[in-house]
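As structure tokens, the structure follows; a few thoughts come after it.
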Amino acid sequence: MALALEEARAAAARGEVPVGAVVVENGAVIARAGNRTEELHDPTAHAELLAIREACQKLASPRIPHCDLYVTLEPCAMCAGVISFSRIRRLYFGAYDTKSGGVEHGGRFFQQTTCHHSPEVYGGRMEQESNEMLRKFFAALRHGTA
């Protein structure tokens with residue numbers, strides 16, 4: 001999770017919402033990314049999607065069932081869908097997202113009957129650090145200092 005927080009800090013430094021993600025296979029980091037929606041002008045360039053895409057490319061497979069995903073914020077419904085389709089084994093996330101989350105909040109993607117694969121989910125990992133980074137980022141935006 002510490003590496004995901006590093007990616008989130010790097011995203012914030014680029015002016016992106018500070019979310020970072022890391023894909024791990026057998027204890028080794030195989031992909032990591034931070035949000036790049038503004039930079040790439042791409043609403044799908046969430047940290048989770050970018051990291052999963054990189055991991056799938058490295059492993060030459062659209063499904064990575066032996067991999068775990070660490071992300072600093074509860075994934076949205078779009079990211080939850082990709083997590084399901086890629087067959088991620090375990091999802092660890094930091095801050096809960098009561099507004100836009102799609103795992104423990106909102107659509108609760110993995111609990112839907114149409115969901116073909118649900119990872120093991122562990123929320124609240126390094127939650128305080130993740131929340132604080134997000135809080136500071138959005139406070140700076142509100143005050144025009146970001």
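Ordered as shown in the structure tokens, chains take letters A, B, and onward, while each chain numbers its residues from 1 and ligands are numbered from 1 in the order shown.
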Would you kindly return, as an MDAnalysis selection string, each protein, DNA or RNA residue with an atom no farther than 6 Å from any atom of Asp68 in chain A, considering only C-alpha atoms and excluding same-chain residues fewer than 3 positions away?
-> chainID A and resid 23:24 88:91
Would you mind exporting the chosen residues as an mmCIF file, in the first residue's frame, restricted to N, CA, C and O atoms?
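Contents of selection_24.cif, as written:
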data_model
loop_
_atom_site.group_PDB
_atom_site.id
_atom_site.type_symbol
_atom_site.label_atom_id
_atom_site.label_comp_id
_atom_site.auth_asym_id
_atom_site.auth_seq_id
_atom_site.Cartn_x
_atom_site.Cartn_y
_atom_site.Cartn_z
ATOM 1 N N VAL A 23 -0.189 -3.455 -8.772
ATOM 2 C CA VAL A 23 -0.550 -4.855 -8.978
ATOM 3 C C VAL A 23 0.639 -5.706 -8.542
ATOM 4 O O VAL A 23 1.781 -5.440 -8.942
ATOM 5 N N VAL A 24 0.341 -6.711 -7.738
ATOM 6 C CA VAL A 24 1.371 -7.584 -7.173
ATOM 7 C C VAL A 24 1.088 -9.030 -7.573
ATOM 8 O O VAL A 24 -0.045 -9.497 -7.487
ATOM 9 N N ILE A 88 -8.867 -10.280 -10.837
ATOM 10 C CA ILE A 88 -7.962 -9.974 -9.719
ATOM 11 C C ILE A 88 -8.353 -10.850 -8.526
ATOM 12 O O ILE A 88 -9.533 -10.992 -8.203
ATOM 13 N N ARG A 89 -7.361 -11.420 -7.855
ATOM 14 C CA ARG A 89 -7.607 -12.327 -6.730
ATOM 15 C C ARG A 89 -8.061 -11.580 -5.478
ATOM 16 O O ARG A 89 -9.050 -11.946 -4.854
ATOM 17 N N ARG A 90 -7.288 -10.538 -5.113
ATOM 18 C CA ARG A 90 -7.592 -9.775 -3.901
ATOM 19 C C ARG A 90 -7.481 -8.283 -4.188
ATOM 20 O O ARG A 90 -6.561 -7.862 -4.892
ATOM 21 N N LEU A 91 -8.400 -7.539 -3.607
ATOM 22 C CA LEU A 91 -8.397 -6.078 -3.699
ATOM 23 C C LEU A 91 -8.190 -5.513 -2.307
ATOM 24 O O LEU A 91 -8.948 -5.824 -1.384
#
Which residue out of A:Arg135, A:His105, A:Arg87, A:Lys99 has the minimum interatomic distance to Ile52 in chain A when only C-alpha atoms are used?
-> A:Arg87
Give the helix (DSSP H, G or I) residues of chain A, as DSSP finds them on the backbone, and put them as a ChimeraX atom specification.
-> /A:2-13,37-40,47-59,77-85,109-111,127-142
As a ChimeraX atom specification, please: all residues of range 3-84 of chain A that backbone DSSP puts in strand (DSSP E or B).
-> /A:20-25,28-34,67-73
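Proximity to Val29 in chain A was assessed for A:Glu120, A:Glu54, A:Asp97, A:Asp42 counting only C-alpha atoms; the smallest distance is recorded for A:Glu54.
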